[in-house]
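These notes are about the structure you will find just below.
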Amino acid sequence: MQNYAYIESNLESNIYFNNNLVPGRGIEFSTELDVPSPYYFGYKIENILLKNLEKFEFDKLFFLTEESVFKIYGESLYKKIKNKFPNTFLNILLAGEQNKYFKNLEELCELLIEQNISKKSILIGFGGGGVGNLVGLTAGLIYRGIRFIEIPTTFTGQTDSTLSNKQAVNGKRGKNHFGLYHSPIFIIGDTYYLHTEPKNARRAGIIEGIKNGLISDKCFFEYLYENLAFYNAENAFKNNDLALKIIQSKLEILRKDPSEKHYGIILEYGHTFGHALEWLMKGKILHGDAVSFGMRIAAELSNEIGLLSKEEVNLHYDIIENKLGYKDPFPAEISSDMLIEAMINDNKKTGRELRFVLLEKIGKCYNPEGDYLVTVDLNIVKKVLDNYILKNKIQ
């Protein structure tokens, strides 16, 4: 179990099973990566951000955010920061995947140079994953690396994408083709920012938690299966404890492999299919939604090559469609051939052949080749995709 450090006051003794966080008080833990970052998690903990900024010497702060979240939460936070640190500057970015292209990266880098950014400056990324990726990559590139702080304002950002040092933009042929590893000096995960997040976005974030249970922790999967009934959505979607449990589930994996290059590759379950679909849809579906399709397809592929039982495949559908309520049909404009071509261009490929993270059983990934990636004949992949798409497209 993670040893948490408590900020300002102690919470209940077993935080993993505590249902509520006290407003204004947070917990601190490590991201467990090769280059770890402190992560401060809680509810209404902007005071922790302001106090932590006092620990660092800097000439300028650059507050980088997106318009919608700035209007709701960011403006008041920006004013608090600027009141305390007058050399704070505001830049509004695009939202979501629109950010993650070279054009926007170049424009932001050049803008910051014009604003006299220096090696002593700090960037603050306040927003969703698109903002976080662009700010992190910008910080990694300017002057060969400057400091940045990540403040994710989405469920996906707080429970998944910030628990990584991966910063990237998309290319012409696929998602996250160009990037680097660059860690923030610290992360603030404030669940207060989740109050106005659309339920479909929250649902997309919970998908990654389901994935963590499927690949490494059957007990956690069973917990989610029993507690994600969609008819009780308000409790599931607004519970701070759910976010913390999903964070912990990923940290347990990162603790075993901080590099995410060996055992940690299992975190890509469903992502080879999902990233291809997300790329082909050009931002029309959320990352978590794409991964939800990807996990169901990966389960079918696992079954096809003699791994998962049909009952375990059905559990994928049950928790995603019935417990979480995700019953959207597969995009009608996407074919198996399109997906295969996109997967061949995927950023995680190790050769021309297609390789996947697959399940041996619920809670355990198959590892016949020693790197948790399984080479599957292209004809088998196409057969599974054809069958899945036929059954799940709009009729």
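Residue numbering restarts at 1 for every chain of the structure tokens, chains are lettered A, B, ... in their displayed order, and ligands are numbered from 1 as they appear.
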
Give me, as a tab-separated table, the closest atom pair and its distance (Å, one decimal) for every residue of range 328-363 of chain A within a cut-off of 12 Å of range 192-211 of chain A, counting only C-alpha atoms, rows sorted by chain and rising number.
residue	atom	partner	partner_atom	distance
A:Asp328	CA	A:Asn200	CA	11.1
A:Val357	CA	A:Lys211	CA	11.5
A:Leu358	CA	A:Lys211	CA	11.6
A:Leu359	CA	A:Lys211	CA	10.9
A:Ile362	CA	A:Lys211	CA	10.1
A:Gly363	CA	A:Lys211	CA	9.4

Would you mind exporting the chosen residues as a PDB file, in the first residue's frame, restricted to all heavy atoms?
ATOM      1  N   ASP A 328     -22.891   3.236 -27.052  1.00  0.00           N
ATOM      2  CA  ASP A 328     -22.824   3.856 -28.375  1.00  0.00           C
ATOM      3  C   ASP A 328     -22.369   2.832 -29.414  1.00  0.00           C
ATOM      4  O   ASP A 328     -21.482   2.025 -29.150  1.00  0.00           O
ATOM      5  CB  ASP A 328     -21.837   5.031 -28.363  1.00  0.00           C
ATOM      6  CG  ASP A 328     -22.337   6.179 -27.499  1.00  0.00           C
ATOM      7  OD1 ASP A 328     -23.093   5.913 -26.545  1.00  0.00           O
ATOM      8  OD2 ASP A 328     -21.973   7.328 -27.780  1.00  0.00           O
ATOM      9  N   VAL A 357      -1.308  -5.971 -26.445  1.00  0.00           N
ATOM     10  CA  VAL A 357      -1.462  -6.424 -25.065  1.00  0.00           C
ATOM     11  C   VAL A 357      -2.767  -7.206 -25.011  1.00  0.00           C
ATOM     12  O   VAL A 357      -3.827  -6.674 -25.361  1.00  0.00           O
ATOM     13  CB  VAL A 357      -1.510  -5.235 -24.088  1.00  0.00           C
ATOM     14  CG1 VAL A 357      -1.750  -5.732 -22.658  1.00  0.00           C
ATOM     15  CG2 VAL A 357      -0.219  -4.414 -24.167  1.00  0.00           C
ATOM     16  N   LEU A 358      -2.694  -8.472 -24.581  1.00  0.00           N
ATOM     17  CA  LEU A 358      -3.875  -9.327 -24.515  1.00  0.00           C
ATOM     18  C   LEU A 358      -3.992  -9.955 -23.136  1.00  0.00           C
ATOM     19  O   LEU A 358      -3.010 -10.048 -22.392  1.00  0.00           O
ATOM     20  CB  LEU A 358      -3.808 -10.425 -25.592  1.00  0.00           C
ATOM     21  CG  LEU A 358      -3.770  -9.933 -27.045  1.00  0.00           C
ATOM     22  CD1 LEU A 358      -3.637 -11.119 -27.993  1.00  0.00           C
ATOM     23  CD2 LEU A 358      -4.995  -9.097 -27.397  1.00  0.00           C
ATOM     24  N   LEU A 359      -5.198 -10.375 -22.782  1.00  0.00           N
ATOM     25  CA  LEU A 359      -5.440 -10.948 -21.459  1.00  0.00           C
ATOM     26  C   LEU A 359      -5.428 -12.468 -21.492  1.00  0.00           C
ATOM     27  O   LEU A 359      -6.036 -13.094 -22.355  1.00  0.00           O
ATOM     28  CB  LEU A 359      -6.788 -10.482 -20.913  1.00  0.00           C
ATOM     29  CG  LEU A 359      -6.941  -9.011 -20.543  1.00  0.00           C
ATOM     30  CD1 LEU A 359      -8.275  -8.782 -19.842  1.00  0.00           C
ATOM     31  CD2 LEU A 359      -5.797  -8.520 -19.669  1.00  0.00           C
ATOM     32  N   ILE A 362      -8.919 -12.426 -16.484  1.00  0.00           N
ATOM     33  CA  ILE A 362      -9.187 -11.152 -15.823  1.00  0.00           C
ATOM     34  C   ILE A 362      -8.142 -10.934 -14.738  1.00  0.00           C
ATOM     35  O   ILE A 362      -7.958 -11.757 -13.852  1.00  0.00           O
ATOM     36  CB  ILE A 362     -10.599 -11.122 -15.206  1.00  0.00           C
ATOM     37  CG1 ILE A 362     -11.670 -11.308 -16.271  1.00  0.00           C
ATOM     38  CG2 ILE A 362     -10.811  -9.805 -14.443  1.00  0.00           C
ATOM     39  CD1 ILE A 362     -11.748 -10.196 -17.285  1.00  0.00           C
ATOM     40  N   GLY A 363      -7.415  -9.818 -14.832  1.00  0.00           N
ATOM     41  CA  GLY A 363      -6.391  -9.496 -13.845  1.00  0.00           C
ATOM     42  C   GLY A 363      -5.001  -9.943 -14.225  1.00  0.00           C
ATOM     43  O   GLY A 363      -4.048  -9.691 -13.478  1.00  0.00           O
TER      44      GLY A 363
END

Near-Asp337 in chain A list (10 Å; only C-alpha atoms; drop same-chain fewer than 4 positions) as number ranges by chain
A: 341-343, 382, 385-386

Could you save the residues just selected, with N, CA, C and O atoms, as a compact mmCIF listing (two decimals), in the first residue's frame?
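Done, and the output landed in out-v3.txt:
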# COMPACT_ATOMS: atom_id res chain seq x y z
N GLU A 341 -4.59 -0.34 -41.06
CA GLU A 341 -3.58 0.59 -41.60
C GLU A 341 -3.16 1.61 -40.55
O GLU A 341 -1.97 1.93 -40.41
N ALA A 342 -4.12 2.11 -39.79
CA ALA A 342 -3.80 3.08 -38.75
C ALA A 342 -2.97 2.44 -37.64
O ALA A 342 -2.06 3.06 -37.09
N MET A 343 -3.26 1.18 -37.31
CA MET A 343 -2.49 0.49 -36.27
C MET A 343 -1.05 0.25 -36.70
O MET A 343 -0.13 0.32 -35.88
N LYS A 382 -7.94 -9.26 -38.66
CA LYS A 382 -8.99 -8.79 -39.57
C LYS A 382 -10.30 -9.54 -39.34
O LYS A 382 -11.38 -8.94 -39.36
N LEU A 385 -11.88 -8.10 -36.18
CA LEU A 385 -12.39 -6.76 -36.45
C LEU A 385 -13.65 -6.79 -37.31
O LEU A 385 -14.63 -6.09 -37.01
N ASP A 386 -13.64 -7.60 -38.35
CA ASP A 386 -14.81 -7.70 -39.22
C ASP A 386 -16.04 -8.14 -38.43
O ASP A 386 -17.13 -7.57 -38.58

So, with only C-alpha atoms as the atoms that count, which of A:Asp289, A:Glu107, A:Glu252, A:Glu300 lies closest to Ser30 in chain A?
A:Glu252

Could you please determine the separation between CA of Tyr43 in chain A and CA of Ile187 in chain A in Å, to one decimal place?
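These two atoms are separated by 13.8 Å.
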
If we count only C-alpha atoms, what is near range 123-125 of chain A at a cut-off of 9 Å, once residues fewer than 3 positions away on the same chain are taken out, given as an MDAnalysis selection string?
chainID A and resid 60:65 128 131:136 138:139 146:152

Might you pull out every residue within 10 Å of Leu267 in chain A, with only C-alpha atoms counted and same-chain residues fewer than 6 positions away left off, and present them as an NGL selection string?
:A and (208 or 211-212 or 214-216 or 250 or 253-254 or 260 or 357)

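CA of Gly274 in chain A is found 4.6 Å from CA of Ala290 in chain A.
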
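Residues with any atom within 7 Å of range 169-180 of chain A, counting only C-alpha atoms and excluding same-chain neighbours fewer than 4 positions away, are Lys100, Tyr101, Phe102, Leu137, His275, Trp279, Ala342, Asn345, Asp346 and Asn347 of chain A.
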
Selected residues written out, N, CA, C and O atoms, as a PDB file, in the first residue's frame:
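Output below, filename again-v2.pdb:
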ATOM      1  N   LYS A 100      -2.902  19.423 -30.189  1.00  0.00           N
ATOM      2  CA  LYS A 100      -1.765  18.518 -30.304  1.00  0.00           C
ATOM      3  C   LYS A 100      -1.248  18.372 -31.740  1.00  0.00           C
ATOM      4  O   LYS A 100      -1.218  17.283 -32.295  1.00  0.00           O
ATOM      5  N   TYR A 101      -0.818  19.517 -32.295  1.00  0.00           N
ATOM      6  CA  TYR A 101      -0.240  19.516 -33.632  1.00  0.00           C
ATOM      7  C   TYR A 101       0.954  20.466 -33.664  1.00  0.00           C
ATOM      8  O   TYR A 101       1.037  21.417 -32.887  1.00  0.00           O
ATOM      9  N   PHE A 102       1.893  20.191 -34.582  1.00  0.00           N
ATOM     10  CA  PHE A 102       3.123  20.964 -34.662  1.00  0.00           C
ATOM     11  C   PHE A 102       2.862  22.463 -34.799  1.00  0.00           C
ATOM     12  O   PHE A 102       3.585  23.277 -34.240  1.00  0.00           O
ATOM     13  N   LEU A 137       5.150  19.292 -23.495  1.00  0.00           N
ATOM     14  CA  LEU A 137       6.100  19.183 -24.597  1.00  0.00           C
ATOM     15  C   LEU A 137       6.816  20.511 -24.827  1.00  0.00           C
ATOM     16  O   LEU A 137       8.028  20.539 -25.077  1.00  0.00           O
ATOM     17  N   HIS A 275      -6.294   3.861 -30.066  1.00  0.00           N
ATOM     18  CA  HIS A 275      -5.594   4.994 -30.657  1.00  0.00           C
ATOM     19  C   HIS A 275      -5.859   5.093 -32.158  1.00  0.00           C
ATOM     20  O   HIS A 275      -5.995   6.196 -32.706  1.00  0.00           O
ATOM     21  N   TRP A 279      -7.658   8.301 -33.783  1.00  0.00           N
ATOM     22  CA  TRP A 279      -7.003   9.056 -34.832  1.00  0.00           C
ATOM     23  C   TRP A 279      -7.907   9.178 -36.063  1.00  0.00           C
ATOM     24  O   TRP A 279      -8.064  10.255 -36.634  1.00  0.00           O
ATOM     25  N   ALA A 342      -4.122   2.107 -39.793  1.00  0.00           N
ATOM     26  CA  ALA A 342      -3.798   3.075 -38.745  1.00  0.00           C
ATOM     27  C   ALA A 342      -2.974   2.437 -37.639  1.00  0.00           C
ATOM     28  O   ALA A 342      -2.061   3.064 -37.086  1.00  0.00           O
ATOM     29  N   ASN A 345       0.677   2.175 -38.358  1.00  0.00           N
ATOM     30  CA  ASN A 345       1.361   3.457 -38.168  1.00  0.00           C
ATOM     31  C   ASN A 345       1.391   3.907 -36.712  1.00  0.00           C
ATOM     32  O   ASN A 345       1.892   4.997 -36.408  1.00  0.00           O
ATOM     33  N   ASP A 346       0.860   3.091 -35.806  1.00  0.00           N
ATOM     34  CA  ASP A 346       0.746   3.494 -34.407  1.00  0.00           C
ATOM     35  C   ASP A 346       2.117   3.750 -33.791  1.00  0.00           C
ATOM     36  O   ASP A 346       3.109   3.115 -34.131  1.00  0.00           O
ATOM     37  N   ASN A 347       2.169   4.666 -32.857  1.00  0.00           N
ATOM     38  CA  ASN A 347       3.451   5.059 -32.279  1.00  0.00           C
ATOM     39  C   ASN A 347       4.103   3.979 -31.430  1.00  0.00           C
ATOM     40  O   ASN A 347       5.269   4.084 -31.082  1.00  0.00           O
TER      41      ASN A 347
END

Using only C-alpha atoms, find the one residue out of A:Ser309, A:Gln167, A:Thr156, A:Thr272 that sits nearest to Met295 in chain A.
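Result for the nearest residue to Met295 in chain A: A:Thr272.
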
Check the DSSP output for the backbone and give back, as an MDAnalysis selection string, the residues of range 174-298 of chain A in alpha helix (DSSP H).
chainID A and resid 199:216 218:227 233:238 240:256 271:280 287:298

Fewer than 4 positions away in the same chain doesn't count, so skip those; otherwise give me all residues within 8 Å of Gln98 in chain A, counting only C-alpha atoms, as a list in words.
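Result of the neighbour search: Leu94, Gly130 and Gly283 of chain A.
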
If you run DSSP on this backbone, which residues of range 48-207 of chain A come out as strand (DSSP E), and could you give them as a ChimeraX atom specification?
/A:61-66,88-93,122-127,147-152,166-169,178-181,186-190

Could you jot down the CA of Lys120 in chain A to CA of Lys103 in chain A separation for me, Å, one decimal place?
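Separation of CA of Lys120 in chain A and CA of Lys103 in chain A: 25.3 Å.
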